[in-house]
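The file start_23.txt comes next; it holds compact mmCIF, C-alpha atoms.
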```txt
# COMPACT_ATOMS: atom_id res chain seq x y z
CA MET A 16 16.65 -43.51 29.88
CA ALA A 17 18.15 -43.48 26.39
CA SER A 18 14.97 -44.76 24.78
CA GLY A 19 12.99 -41.98 26.52
CA ASN A 20 15.39 -39.44 25.07
CA MET A 21 14.93 -41.01 21.64
CA LYS A 22 11.20 -40.59 21.87
CA VAL A 23 11.52 -36.88 22.70
CA ILE A 24 13.85 -36.27 19.77
CA LYS A 25 11.60 -38.20 17.41
CA ARG A 26 8.67 -36.03 18.45
CA ARG A 27 10.64 -32.85 17.85
CA ILE A 28 11.68 -34.00 14.40
CA LYS A 29 8.02 -34.65 13.55
CA SER A 30 6.97 -31.20 14.74
CA VAL A 31 9.73 -29.43 12.82
CA GLU A 32 8.82 -31.44 9.73
CA SER A 33 5.20 -30.36 9.85
CA THR A 34 6.22 -26.71 10.34
CA MET A 35 8.48 -27.04 7.34
CA GLN A 36 5.59 -28.31 5.26
CA ILE A 37 3.64 -25.18 6.11
CA THR A 38 6.50 -22.79 5.36
CA LYS A 39 7.18 -24.61 2.10
CA ALA A 40 3.53 -24.29 1.07
CA MET A 41 3.46 -20.60 1.98
CA GLU A 42 6.60 -20.08 -0.05
CA LEU A 43 5.01 -21.66 -3.11
CA VAL A 44 1.77 -19.70 -2.74
CA ALA A 45 3.70 -16.46 -2.34
CA SER A 46 5.78 -17.05 -5.44
CA SER A 47 2.76 -17.76 -7.62
CA LYS A 48 0.95 -14.67 -6.26
CA LEU A 49 4.10 -12.66 -6.83
CA ARG A 50 4.19 -13.59 -10.49
CA LYS A 51 0.58 -12.52 -11.02
CA ALA A 52 0.99 -9.27 -9.11
CA LYS A 53 4.11 -8.41 -11.03
CA GLU A 54 2.40 -8.95 -14.37
CA LYS A 55 -0.52 -6.75 -13.38
CA ALA A 56 1.77 -3.98 -12.19
CA ASP A 57 3.80 -4.10 -15.40
CA ASN A 58 0.67 -3.99 -17.58
CA SER A 59 -0.62 -0.87 -15.90
CA ARG A 60 2.56 1.14 -16.22
CA PRO A 61 2.30 2.38 -19.87
CA TYR A 62 -1.12 3.92 -19.21
CA PHE A 63 0.00 6.03 -16.28
CA LYS A 64 3.28 6.94 -17.89
CA ALA A 65 1.34 8.39 -20.83
CA LEU A 66 -1.01 10.30 -18.51
CA TYR A 67 1.92 11.72 -16.58
CA ASP A 68 3.67 12.84 -19.76
CA THR A 69 0.54 14.61 -20.98
CA MET A 70 0.17 16.35 -17.65
CA CYS A 71 3.77 17.59 -17.78
CA GLU A 72 3.31 18.81 -21.35
CA ILE A 73 0.20 20.79 -20.54
CA GLN A 74 1.90 22.47 -17.63
CA SER A 75 5.05 23.38 -19.49
CA GLU A 76 3.20 24.65 -22.56
CA ASN A 77 0.87 26.88 -20.60
CA GLU A 78 2.87 28.99 -18.24
CA GLY A 79 1.24 30.73 -15.35
CA PHE A 80 -1.45 28.17 -15.48
CA LEU A 81 -3.44 27.50 -12.31
CA SER A 82 -5.31 24.45 -11.25
CA PRO A 83 -6.90 23.53 -7.94
CA PHE A 84 -4.59 20.53 -7.91
CA THR A 85 -1.37 22.55 -7.94
CA LYS A 86 -2.22 25.16 -5.31
CA ARG A 87 -0.02 25.24 -2.24
CA SER A 88 -1.31 26.25 1.12
CA LYS A 89 0.36 26.55 4.50
CA ASN A 90 -2.53 25.53 6.68
CA GLY A 91 -3.90 22.12 7.21
CA LYS A 92 -2.69 18.67 7.96
CA THR A 93 -0.74 16.29 5.80
CA LEU A 94 -2.41 13.13 4.64
CA LEU A 95 -0.24 10.04 4.70
CA ILE A 96 -1.37 7.11 2.63
CA VAL A 97 0.32 4.10 4.17
CA ILE A 98 0.15 0.90 2.18
CA ALA A 99 0.98 -2.23 4.17
CA GLY A 100 0.04 -5.87 3.84
CA ASP A 101 -3.05 -7.77 4.92
CA ARG A 102 -1.09 -10.48 6.68
CA GLY A 103 2.04 -10.91 8.69
CA LEU A 104 4.81 -13.47 8.28
CA ALA A 105 6.44 -11.46 5.54
CA GLY A 106 9.78 -10.65 7.11
CA GLY A 107 10.31 -6.95 7.71
CA PHE A 108 7.80 -5.87 5.07
CA ASN A 109 5.19 -4.27 7.35
CA ALA A 110 7.67 -3.00 9.94
CA ASN A 111 9.78 -1.22 7.33
CA ILE A 112 6.94 0.80 5.86
CA PHE A 113 5.69 1.84 9.32
CA LYS A 114 9.20 2.88 10.29
CA LEU A 115 9.53 5.09 7.22
CA ALA A 116 6.11 6.64 7.81
CA GLN A 117 6.96 7.24 11.47
CA GLN A 118 10.10 9.14 10.50
CA ARG A 119 8.02 11.44 8.34
CA ILE A 120 5.40 11.85 11.08
CA ASP A 121 8.16 12.93 13.50
CA GLU A 122 9.44 15.42 10.93
CA LEU A 123 5.99 16.87 10.56
CA GLY A 124 5.71 17.35 14.31
CA GLY A 125 3.86 14.36 15.64
CA LYS A 126 0.57 12.70 15.06
CA ASP A 127 -1.56 15.80 15.59
CA ASN A 128 -0.37 17.20 12.26
CA VAL A 129 -1.16 14.20 10.15
CA GLU A 130 -4.09 12.15 8.98
CA ILE A 131 -3.78 8.59 7.85
CA LEU A 132 -5.31 6.73 4.97
CA ALA A 133 -4.64 3.12 5.85
CA VAL A 134 -4.45 0.55 3.08
CA GLY A 135 -4.10 -3.07 4.12
CA LYS A 136 -5.32 -4.77 7.27
CA LYS A 137 -1.99 -4.44 9.05
CA SER A 138 -1.90 -0.73 8.40
CA VAL A 139 -5.44 -0.24 9.72
CA GLU A 140 -4.63 -2.20 12.88
CA TYR A 141 -1.36 -0.37 13.44
CA TYR A 142 -2.79 3.15 13.27
CA GLU A 143 -5.99 2.32 15.11
CA LYS A 144 -3.99 0.98 18.01
CA ARG A 145 -1.94 4.17 18.16
CA GLN A 146 -5.02 6.38 17.93
CA PHE A 147 -4.17 8.35 14.83
CA THR A 148 -6.77 10.38 12.97
CA ILE A 149 -7.78 7.98 10.23
CA GLU A 150 -9.27 9.48 7.10
CA GLY A 151 -10.07 6.18 5.46
CA LYS A 152 -9.60 2.45 5.96
CA PHE A 153 -9.07 0.04 3.13
CA PRO A 154 -8.30 -3.43 4.47
CA GLY A 155 -7.99 -6.37 2.12
CA VAL A 156 -8.03 -4.54 -1.20
CA ALA A 157 -4.54 -5.31 -2.49
CA GLU A 158 -5.26 -8.74 -3.88
CA GLY A 159 -7.44 -8.45 -6.97
CA LEU A 160 -7.45 -4.65 -6.86
CA THR A 161 -9.58 -3.10 -9.59
CA ILE A 162 -9.22 0.34 -11.05
CA TYR A 163 -12.62 1.26 -9.58
CA GLN A 164 -11.42 0.46 -6.07
CA ALA A 165 -8.34 2.57 -6.67
CA ASP A 166 -10.66 5.31 -7.88
CA LYS A 167 -12.55 5.26 -4.59
CA LEU A 168 -9.31 5.36 -2.67
CA CYS A 169 -8.19 8.28 -4.75
CA GLU A 170 -11.39 10.21 -4.03
CA CYS A 171 -10.62 9.97 -0.33
CA VAL A 172 -7.41 11.83 -1.10
CA ILE A 173 -8.69 14.41 -3.55
CA GLU A 174 -11.83 15.46 -1.73
CA PRO A 175 -10.23 16.71 1.51
CA PHE A 176 -7.49 18.37 -0.54
CA LEU A 177 -9.90 20.34 -2.73
CA LYS A 178 -11.89 21.35 0.33
CA GLY A 179 -8.69 22.56 2.00
CA ARG A 180 -8.82 20.15 4.92
CA ILE A 181 -5.40 18.84 4.06
CA LYS A 182 -2.55 20.78 2.51
CA SER A 183 -0.68 17.89 0.95
CA ALA A 184 -0.74 14.16 0.48
CA GLU A 185 2.12 11.70 0.61
CA LEU A 186 2.18 8.09 -0.38
CA PHE A 187 4.12 5.39 1.47
CA TYR A 188 4.60 2.18 -0.40
CA THR A 189 7.15 -0.55 -0.96
CA GLU A 190 8.84 -0.59 -4.30
CA TYR A 191 9.52 -3.94 -5.85
CA VAL A 192 13.11 -3.78 -7.05
CA SER A 193 13.94 -7.44 -7.50
CA PRO A 194 12.82 -10.73 -5.96
CA ILE A 195 15.28 -10.18 -3.12
CA THR A 196 15.19 -6.41 -2.75
CA GLN A 197 12.15 -4.34 -1.82
CA THR A 198 12.51 -0.77 -0.65
CA ALA A 199 10.06 1.27 1.39
CA ARG A 200 9.49 4.58 -0.36
CA ALA A 201 7.72 7.89 0.16
CA MET A 202 6.25 9.98 -2.65
CA LYS A 203 4.54 13.37 -2.62
CA ILE A 204 1.39 13.19 -4.72
CA LEU A 205 -0.53 16.38 -3.90
CA PRO A 206 -0.15 19.21 -4.77
CA VAL A 207 0.78 17.88 -8.19
CA GLU A 208 4.34 18.52 -9.24
CA THR A 209 5.40 18.03 -12.81
CA GLU A 210 8.72 18.10 -14.56
CA LYS A 211 9.55 19.72 -17.88
CA PRO A 212 9.60 17.38 -20.84
CA ALA A 213 13.14 16.92 -22.11
CA GLU A 214 12.46 17.32 -25.83
CA GLY A 215 12.68 20.65 -27.67
CA LYS A 216 9.92 22.72 -29.24
CA ARG A 217 6.98 21.00 -30.80
CA ALA A 218 3.83 22.15 -32.46
CA LEU A 219 1.44 23.34 -29.79
CA PRO A 220 -1.50 20.99 -29.68
CA ILE A 221 -5.12 22.06 -29.66
CA TYR A 222 -6.78 21.29 -26.35
CA GLU A 223 -10.39 20.26 -26.42
CA PRO A 224 -12.22 21.89 -24.57
CA SER A 225 -9.30 23.79 -22.89
CA PRO A 226 -5.87 23.03 -21.40
CA ALA A 227 -7.13 23.58 -17.87
CA ALA A 228 -10.17 21.36 -18.39
CA VAL A 229 -8.05 18.58 -19.85
CA PHE A 230 -5.50 18.94 -17.07
CA ASN A 231 -8.14 18.82 -14.37
CA SER A 232 -9.72 15.76 -15.89
CA ILE A 233 -6.36 14.00 -16.09
CA VAL A 234 -5.18 14.65 -12.54
CA PRO A 235 -7.71 12.40 -10.75
CA LYS A 236 -7.01 9.64 -13.28
CA TYR A 237 -3.31 10.08 -12.84
CA LEU A 238 -3.55 9.96 -9.04
CA THR A 239 -5.76 6.90 -9.24
CA GLY A 240 -3.04 5.40 -11.36
CA VAL A 241 -0.26 6.28 -8.98
CA ILE A 242 -2.17 4.73 -6.12
CA PHE A 243 -3.13 1.70 -8.23
CA CYS A 244 0.50 1.09 -9.16
CA ALA A 245 1.72 1.68 -5.61
CA VAL A 246 -0.75 -0.83 -4.16
CA LEU A 247 0.17 -3.41 -6.78
CA ASP A 248 3.87 -2.79 -6.26
CA SER A 249 3.47 -3.12 -2.50
CA PHE A 250 1.51 -6.32 -2.95
CA ALA A 251 4.23 -7.77 -5.16
CA SER A 252 6.82 -6.71 -2.57
CA GLU A 253 4.81 -8.31 0.21
CA GLN A 254 4.71 -11.60 -1.65
CA ALA A 255 8.41 -11.42 -2.50
CA SER A 256 9.24 -10.60 1.09
CA ARG A 257 7.08 -13.45 2.37
CA ARG A 258 8.60 -15.80 -0.14
CA SER A 259 12.14 -15.11 1.03
CA ALA A 260 11.12 -15.19 4.70
CA MET A 261 9.50 -18.57 4.17
CA GLU A 262 12.48 -19.80 2.18
CA ASN A 263 14.71 -18.95 5.13
CA ALA A 264 12.31 -20.63 7.52
CA SER A 265 12.27 -23.80 5.40
CA ASP A 266 16.08 -23.78 5.25
CA ASN A 267 16.31 -23.38 9.00
CA ALA A 268 13.83 -26.18 9.49
CA SER A 269 15.80 -28.60 7.33
CA GLU A 270 18.97 -27.66 9.20
CA MET A 271 17.22 -28.35 12.49
CA ILE A 272 16.00 -31.69 11.20
CA ALA A 273 19.54 -32.63 10.20
CA ASP A 274 20.86 -31.74 13.68
CA LEU A 275 18.05 -33.58 15.40
CA SER A 276 18.52 -36.68 13.24
CA LEU A 277 22.18 -36.73 14.23
CA MET A 278 21.20 -36.51 17.89
CA TYR A 279 18.61 -39.23 17.39
CA ASN A 280 21.12 -41.57 15.78
CA ARG A 281 23.63 -40.93 18.54
CA ALA A 282 21.02 -41.72 21.17
CA ARG A 283 20.08 -44.89 19.29
CA GLN A 284 23.72 -45.92 19.04
CA ALA A 285 24.20 -45.25 22.75
CA SER A 286 21.22 -47.37 23.69
CA ILE A 287 22.44 -50.26 21.50
CA THR A 288 25.92 -50.05 23.00
CA GLN A 289 24.41 -50.04 26.46
CA GLU A 290 22.31 -53.10 25.69
CA ILE A 291 25.32 -55.01 24.37
CA THR A 292 27.33 -54.06 27.44
CA GLU A 293 24.50 -55.33 29.60
CA ILE A 294 24.28 -58.63 27.71
CA VAL A 295 28.07 -59.10 27.76
CA GLY A 296 28.13 -58.20 31.45
CA GLY A 297 25.31 -60.68 32.11
CA ALA A 298 27.06 -63.47 30.14
CA SER A 299 30.44 -63.06 31.90
CA ALA A 300 28.68 -63.12 35.31
CA ASP A 301 27.52 -66.68 34.69
CA MET B 17 -6.70 3.93 -50.07
CA ALA B 18 -6.25 6.52 -47.38
CA ALA B 19 -2.93 6.89 -45.61
CA PRO B 20 -2.57 4.85 -42.42
CA PHE B 21 -1.54 6.06 -38.99
CA GLN B 22 -0.58 4.39 -35.74
CA LEU B 23 -3.32 3.95 -33.12
CA ASN B 24 -2.70 2.85 -29.55
CA ILE B 25 -5.52 2.27 -27.12
CA ILE B 26 -4.24 1.83 -23.58
CA THR B 27 -6.16 0.97 -20.43
CA PRO B 28 -4.79 0.47 -16.91
CA GLU B 29 -5.15 -3.28 -17.26
CA ARG B 30 -3.59 -3.80 -20.66
CA THR B 31 -2.78 -2.38 -24.05
CA PHE B 32 -6.17 -2.84 -25.68
CA PHE B 33 -5.23 -2.12 -29.27
CA SER B 34 -2.00 -1.29 -31.01
CA GLY B 35 -1.85 -1.15 -34.78
CA GLU B 36 -2.47 0.85 -37.92
CA THR B 37 -5.74 2.29 -39.03
CA THR B 38 -6.86 4.79 -41.63
CA GLN B 39 -9.73 6.41 -39.80
CA LEU B 40 -10.89 6.84 -36.25
CA THR B 41 -14.12 8.41 -35.02
CA VAL B 42 -14.43 9.23 -31.37
CA ARG B 43 -16.77 11.23 -29.15
CA THR B 44 -15.18 14.13 -27.29
CA ALA B 45 -16.73 16.56 -24.84
CA ALA B 46 -17.47 18.88 -27.78
CA GLY B 47 -18.94 16.23 -30.08
CA ASP B 48 -17.85 13.48 -32.45
CA ILE B 49 -14.59 14.03 -34.27
CA GLY B 50 -12.94 12.06 -37.02
CA ILE B 51 -9.20 11.55 -37.14
CA LEU B 52 -7.36 10.80 -40.36
CA ALA B 53 -3.64 10.43 -40.98
CA HIS B 54 -1.48 13.54 -40.34
CA HIS B 55 -4.05 15.17 -38.12
CA THR B 56 -2.84 18.26 -36.29
CA SER B 57 -1.74 17.87 -32.64
CA LEU B 58 -4.77 17.56 -30.41
CA VAL B 59 -5.47 16.61 -26.85
CA ALA B 60 -9.10 16.05 -25.90
CA ALA B 61 -10.96 14.80 -22.86
CA LEU B 62 -13.34 11.95 -23.65
CA PRO B 63 -16.61 11.36 -21.84
CA ALA B 64 -18.16 7.88 -21.94
CA GLY B 65 -19.04 7.36 -25.58
CA PRO B 66 -18.74 5.26 -28.70
CA MET B 67 -15.64 4.96 -30.85
CA LYS B 68 -15.15 3.55 -34.33
CA VAL B 69 -11.94 2.30 -35.86
CA ARG B 70 -11.56 1.39 -39.53
CA MET B 71 -9.91 -2.00 -39.59
CA GLU B 72 -7.60 -3.46 -42.23
CA ASN B 73 -10.50 -4.94 -44.19
CA GLY B 74 -12.01 -1.48 -44.58
CA GLU B 75 -14.87 -2.04 -42.19
CA PHE B 76 -15.52 -0.07 -39.06
CA ARG B 77 -15.33 -1.77 -35.71
CA ALA B 78 -17.19 -0.10 -32.87
CA ALA B 79 -16.09 0.00 -29.25
CA ALA B 80 -17.34 1.56 -26.04
CA VAL B 81 -14.98 3.95 -24.25
CA SER B 82 -15.64 4.64 -20.57
CA GLY B 83 -14.10 8.06 -20.30
CA GLY B 84 -10.51 9.04 -20.87
CA LEU B 85 -8.22 11.07 -23.01
CA LEU B 86 -7.35 11.31 -26.70
CA LYS B 87 -3.92 12.44 -27.81
CA VAL B 88 -3.01 13.03 -31.43
CA GLY B 89 0.37 14.13 -32.75
CA GLY B 90 3.14 13.07 -35.12
CA ASN B 91 0.83 10.83 -37.18
CA LYS B 92 0.01 8.86 -34.09
CA ALA B 93 -3.15 8.70 -32.01
CA THR B 94 -3.32 7.44 -28.45
CA ILE B 95 -6.47 6.82 -26.46
CA LEU B 96 -6.05 6.49 -22.73
CA ALA B 97 -9.24 5.15 -21.22
CA THR B 98 -10.36 3.63 -17.93
CA ALA B 99 -12.05 0.82 -19.84
CA VAL B 100 -12.64 -0.05 -23.50
CA GLU B 101 -14.63 -2.92 -25.01
CA TRP B 102 -15.34 -3.93 -28.58
CA ALA B 103 -19.04 -3.89 -29.40
CA ASP B 104 -19.18 -7.67 -29.79
CA GLU B 105 -17.43 -8.26 -26.47
CA ILE B 106 -19.80 -6.25 -24.32
CA ASP B 107 -21.67 -8.10 -21.63
CA VAL B 108 -25.09 -6.56 -22.30
CA GLU B 109 -26.78 -8.30 -19.38
CA HIS B 110 -24.20 -6.92 -17.00
CA ALA B 111 -24.55 -3.44 -18.48
CA LYS B 112 -28.34 -3.60 -18.07
CA ARG B 113 -27.99 -4.69 -14.48
CA SER B 114 -25.60 -1.89 -13.64
CA ALA B 115 -27.86 0.63 -15.41
CA GLU B 116 -30.74 -0.58 -13.26
CA ASP B 117 -28.62 -0.38 -10.14
CA ALA B 118 -27.52 3.16 -11.02
CA ARG B 119 -31.13 4.24 -11.62
CA GLN B 120 -32.15 2.94 -8.24
CA ARG B 121 -29.35 4.82 -6.58
CA LEU B 122 -30.32 7.99 -8.43
CA ALA B 123 -33.91 7.55 -7.28
CA ALA B 124 -32.76 7.11 -3.66
CA LYS B 125 -31.35 10.68 -3.74
CA GLU B 126 -28.91 10.11 -0.89
CA SER B 127 -26.05 12.54 -1.17
CA LYS B 128 -24.78 14.63 -4.03
CA ASP B 129 -21.68 12.49 -4.10
CA SER B 130 -23.47 9.21 -4.54
CA MET B 131 -25.84 10.77 -7.10
CA ASP B 132 -22.88 11.99 -9.14
CA ARG B 133 -21.31 8.60 -9.06
CA ALA B 134 -24.55 6.86 -9.96
CA GLU B 135 -25.04 9.23 -12.86
CA ALA B 136 -21.56 8.50 -14.21
CA LYS B 137 -22.23 4.80 -13.81
CA LEU B 138 -25.54 5.09 -15.64
CA LYS B 139 -23.86 6.92 -18.50
CA ARG B 140 -21.21 4.23 -18.83
CA ALA B 141 -23.81 1.47 -18.77
CA LEU B 142 -26.07 3.19 -21.32
CA ASN B 143 -23.06 3.79 -23.54
CA ARG B 144 -22.22 0.09 -23.45
CA ILE B 145 -25.78 -0.92 -24.27
CA ASN B 146 -25.87 1.62 -27.07
CA VAL B 147 -22.55 0.51 -28.57
CA SER B 148 -23.38 -3.18 -28.35
CA SER B 149 -26.14 -2.62 -30.91
CA MET B 150 -23.70 -0.95 -33.32
CA LYS B 151 -21.76 -4.03 -34.35
```

Output the file's structure in the form of structure tokens.
Amino acid sequence: MASGNMKVIKRRIKSVESTMQITKAMELVASSKLRKAKEKADNSRPYFKALYDTMCEIQSENEGFLSPFTKRSKNGKTLLIVIAGDRGLAGGFNANIFKLAQQRIDELGGKDNVEILAVGKKSVEYYEKRQFTIEGKFPGVAEGLTIYQADKLCECVIEPFLKGRIKSAELFYTEYVSPITQTARAMKILPVETEKPAEGKRALPIYEPSPAAVFNSIVPKYLTGVIFCAVLDSFASEQASRRSAMENASDNASEMIADLSLMYNRARQASITQEITEIVGGASAD
Amino acid sequence: MAAPFQLNIITPERTFFSGETTQLTVRTAAGDIGILAHHTSLVAALPAGPMKVRMENGEFRAAAVSGGLLKVGGNKATILATAVEWADEIDVEHAKRSAEDARQRLAAKESKDSMDRAEAKLKRALNRINVSSMK
């Protein structure tokens, strides 16, 4: 009986060990992808920061200035751009972003008032299953995202806005705070809101061809940038989240192996003791 | 020797160039303009076009800009562009292929949207081909 028990335990140890190998490998892959994603996100930041600053300057220097990108209307739906991952097994990463988006959808009065732009396979699946109006689907773009892909994504946001089909656009992404902290965030991107630059008076620049023309040419680039950064940030968060989930899984697996080894050794000891008792019993019977 | 000024060329992928130069020529929507040190404040939209920077050795180095923005002020010039390449780094074969592809799409006359995009692509490709011969 004892040797049968030993066999079962041995088999379980083997199975836990092979699971641990997988989680370990996933952890390593995620951390190397995380490093790359982080670098890319950091490199892109100065560009969009500069665009944003210029946009704010133009608006503050030219008061009463109107652009199709700043108009506010009361009618129309709200477009939610929800950026999730392409794969699961990343802890609460996907669930958190959907939860945040759902809160906003409830605030806006249910799914009839919103349209969804789904980025990431998980996001597409989630909203298709729940029968939302989907404006665009972008599965599998996060890894190796190029600025041209972000541009296309951005067009899907700008076009319905300029045509008045949607009144505003909001972006849901996961901000990468640190390797252990990632926060789901919401950001209003259309109509464009700018803040006043902090510095005092400066010489008014010449705008070529005109402030409005420059502003209107910047906005799409800026939005592309915001989306680009958000997708990269979310991707980095996904990897970080997966890394820590897999780290936990590997830790749990090694704990399980330790427990099982203890049980195995006890069973082995018990079977040896039993054998000796049997031999001793047999010898004294003679 | 002309006075130097700071020039930064930034793209979404990286900081392409950061250093001092004495003269910059760039194509704006209204035509080519030259920037020297202490230029007045200026913000200009840039279509796809060539750009020339005078390097430390006094020679001009040409680059292709694929649309963006030029900002000048406080003896500093910043170019924000979707993509920038030095003339000697341009992949001419690739540019020719994408020009061909864009022409085909223009000829297909599908929708206004795709025609607009193809036209922009063609302009970028032709600009690259043009600049690559300027080295």

Separation of atom CA of Glu116 of chain B from atom CA of Lys139 of chain B, in Å and rounded to one decimal:
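Interatomic distance, atom CA of Glu116 of chain B to atom CA of Lys139 of chain B: 11.4 Å.
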
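Each of B:Glu36, B:Asp117, B:Asp104, B:Asp48 was compared to chain A using all atoms listed in the file, and B:Asp48 turns out to be the nearest.
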
Taking into account all atoms listed in the file, which residue in the set B:Asn91, B:Ser114, B:Thr38, B:Thr27 is nearest to Arg70 of chain B?
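Checking each of B:Asn91, B:Ser114, B:Thr38, B:Thr27 against Arg70 of chain B, counting all atoms listed in the file, the winner is B:Thr38.
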
I'd like to know which of B:Lys125, B:Gln120, B:Leu23, B:Glu105 is closest to Lys87 of chain B, using all atoms listed in the file.
B:Leu23

For chain A versus chain B, which residues have an atom no more than 10 Å away, and what is each residue's nearest atom pair and distance in Å rounded to one decimal, using all atoms listed in the file, chain-then-number order, as a Markdown table?
```
| residue | atom | partner | partner_atom | distance |
| --- | --- | --- | --- | --- |
| A:Glu54 | CA | B:Glu29 | CA | 9.9 |
| A:Lys55 | CA | B:Glu29 | CA | 7.0 |
| A:Ala56 | CA | B:Glu29 | CA | 8.6 |
| A:Asp57 | CA | B:Arg30 | CA | 9.1 |
| A:Asn58 | CA | B:Arg30 | CA | 5.3 |
| A:Ser59 | CA | B:Pro28 | CA | 4.5 |
| A:Arg60 | CA | B:Pro28 | CA | 7.4 |
| A:Pro61 | CA | B:Ile26 | CA | 7.5 |
| A:Tyr62 | CA | B:Pro28 | CA | 5.5 |
| A:Phe63 | CA | B:Pro28 | CA | 7.4 |
| A:Ala65 | CA | B:Leu96 | CA | 7.9 |
| A:Leu66 | CA | B:Leu96 | CA | 7.6 |
| A:Thr69 | CA | B:Lys87 | CA | 8.4 |
| A:Ile73 | CA | B:Val59 | CA | 9.5 |
| A:Thr161 | CA | B:Glu29 | CA | 8.9 |
| A:Ile162 | CA | B:Pro28 | CA | 7.3 |
| A:Tyr163 | CA | B:Thr98 | CA | 9.0 |
| A:Arg217 | CA | B:Ser57 | CA | 9.4 |
| A:Ala218 | CA | B:Ser57 | CA | 7.0 |
| A:Leu219 | CA | B:Ser57 | CA | 6.9 |
| A:Pro220 | CA | B:Ser57 | CA | 4.3 |
| A:Ile221 | CA | B:Leu58 | CA | 4.6 |
| A:Tyr222 | CA | B:Val59 | CA | 4.9 |
| A:Glu223 | CA | B:Ala60 | CA | 4.4 |
| A:Pro224 | CA | B:Ala60 | CA | 6.8 |
| A:Ser225 | CA | B:Ala60 | CA | 8.3 |
| A:Pro226 | CA | B:Val59 | CA | 8.4 |
| A:Ala228 | CA | B:Ala61 | CA | 8.0 |
| A:Val229 | CA | B:Ala61 | CA | 5.6 |
| A:Phe230 | CA | B:Ala61 | CA | 9.0 |
| A:Asn231 | CA | B:Ala61 | CA | 9.8 |
| A:Ser232 | CA | B:Ala61 | CA | 7.1 |
| A:Ile233 | CA | B:Leu85 | CA | 7.7 |
| A:Lys236 | CA | B:Thr98 | CA | 8.3 |
| A:Gly240 | CA | B:Pro28 | CA | 7.6 |
| A:Phe243 | CA | B:Pro28 | CA | 8.9 |
| A:Cys244 | CA | B:Pro28 | CA | 9.4 |
```

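Every protein or nucleic acid residue with an atom no more than 12 Å from Ala136 of chain B, counting all atoms listed in the file and leaving out same-chain residues fewer than 3 positions away, appears here: Pro63, Ala64, Gly65, Ser82, Gly83, Ser114, Ala115, Ala118, Arg119, Arg121, Leu122, Asp129, Ser130, Met131, Asp132, Arg133, Lys139, Arg140, Ala141, Leu142 and Asn143 of chain B.
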
Surrounding residues of segment 72-79 of chain B excluding itself and chain neighbours under 3 positions, 6 Å, all atoms listed in the file, as a list of chain:residue names:
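Listing them by chain and then by number gives B:Pro66, B:Met67, B:Lys68, B:Val69, B:Glu101, B:Trp102, B:Ala103.
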
Compare A:Met70, A:Leu132, A:Glu122, A:Ala52 by their minimum atom-to-atom distance to Leu160 of chain A, counting only C-alpha atoms, and give me the closest one.
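Closest to Leu160 of chain A, using only C-alpha atoms: A:Ala52.
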
re atom CA of Ala53 of chain B and atom CA of Leu40 of chain B: distance 9.4 Å

Using all atoms listed in the file, determine which residues lie at most 8 Å from Ala99 of chain A, disregarding the query and same-chain residues fewer than 6 positions distant; provide the list as a ChimeraX atom specification.
/A:108-109,112,133-138,188,249

Give the answer as one residue: which of B:Ser148, B:Ala19, B:Arg43, B:Ala123 has the shortest atom-to-atom distance to Asp107 of chain B, using all atoms listed in the file?
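Distance minimum relative to Asp107 of chain B lands on B:Ser148.
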
Best match for closeness to Arg27 of chain A among A:Thr198, A:Ser47, A:Ser276, A:Asn90, counting all atoms listed in the file
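Counting all atoms listed in the file, the residue closest to Arg27 of chain A is A:Ser276.
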
To test the calculation: enclose all listed atoms of segment 54-59 of chain B in a box whose edges run along x, y and z, add 6 Å on each side, then state centre and edge lengths in Å to one decimal, as AutoDock Vina command-line options.
```
--center_x -3.5 --center_y 15.9 --center_z -33.6 --size_x 16.0 --size_y 16.7 --size_z 25.5
```

Interatomic distance between atom CA of Thr209 of chain A and atom CA of Ile173 of chain A?
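Atom CA of Ile173 of chain A lies 17.2 Å from atom CA of Thr209 of chain A.
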
Please list as a PyMOL selection string every residue within 6 Å of Ile149 of chain A, counting all atoms listed in the file and excluding residues in the same chain fewer than 2 positions away.
chain A and resi 130-132+147+151

Show me, as a VMD selection string, the residues that have an atom within 10 Å of Ala260 of chain A when counting only C-alpha atoms, minus same-chain residues fewer than 6 positions from it.
chain A and resid 38 41 to 42 104 to 108 254 266
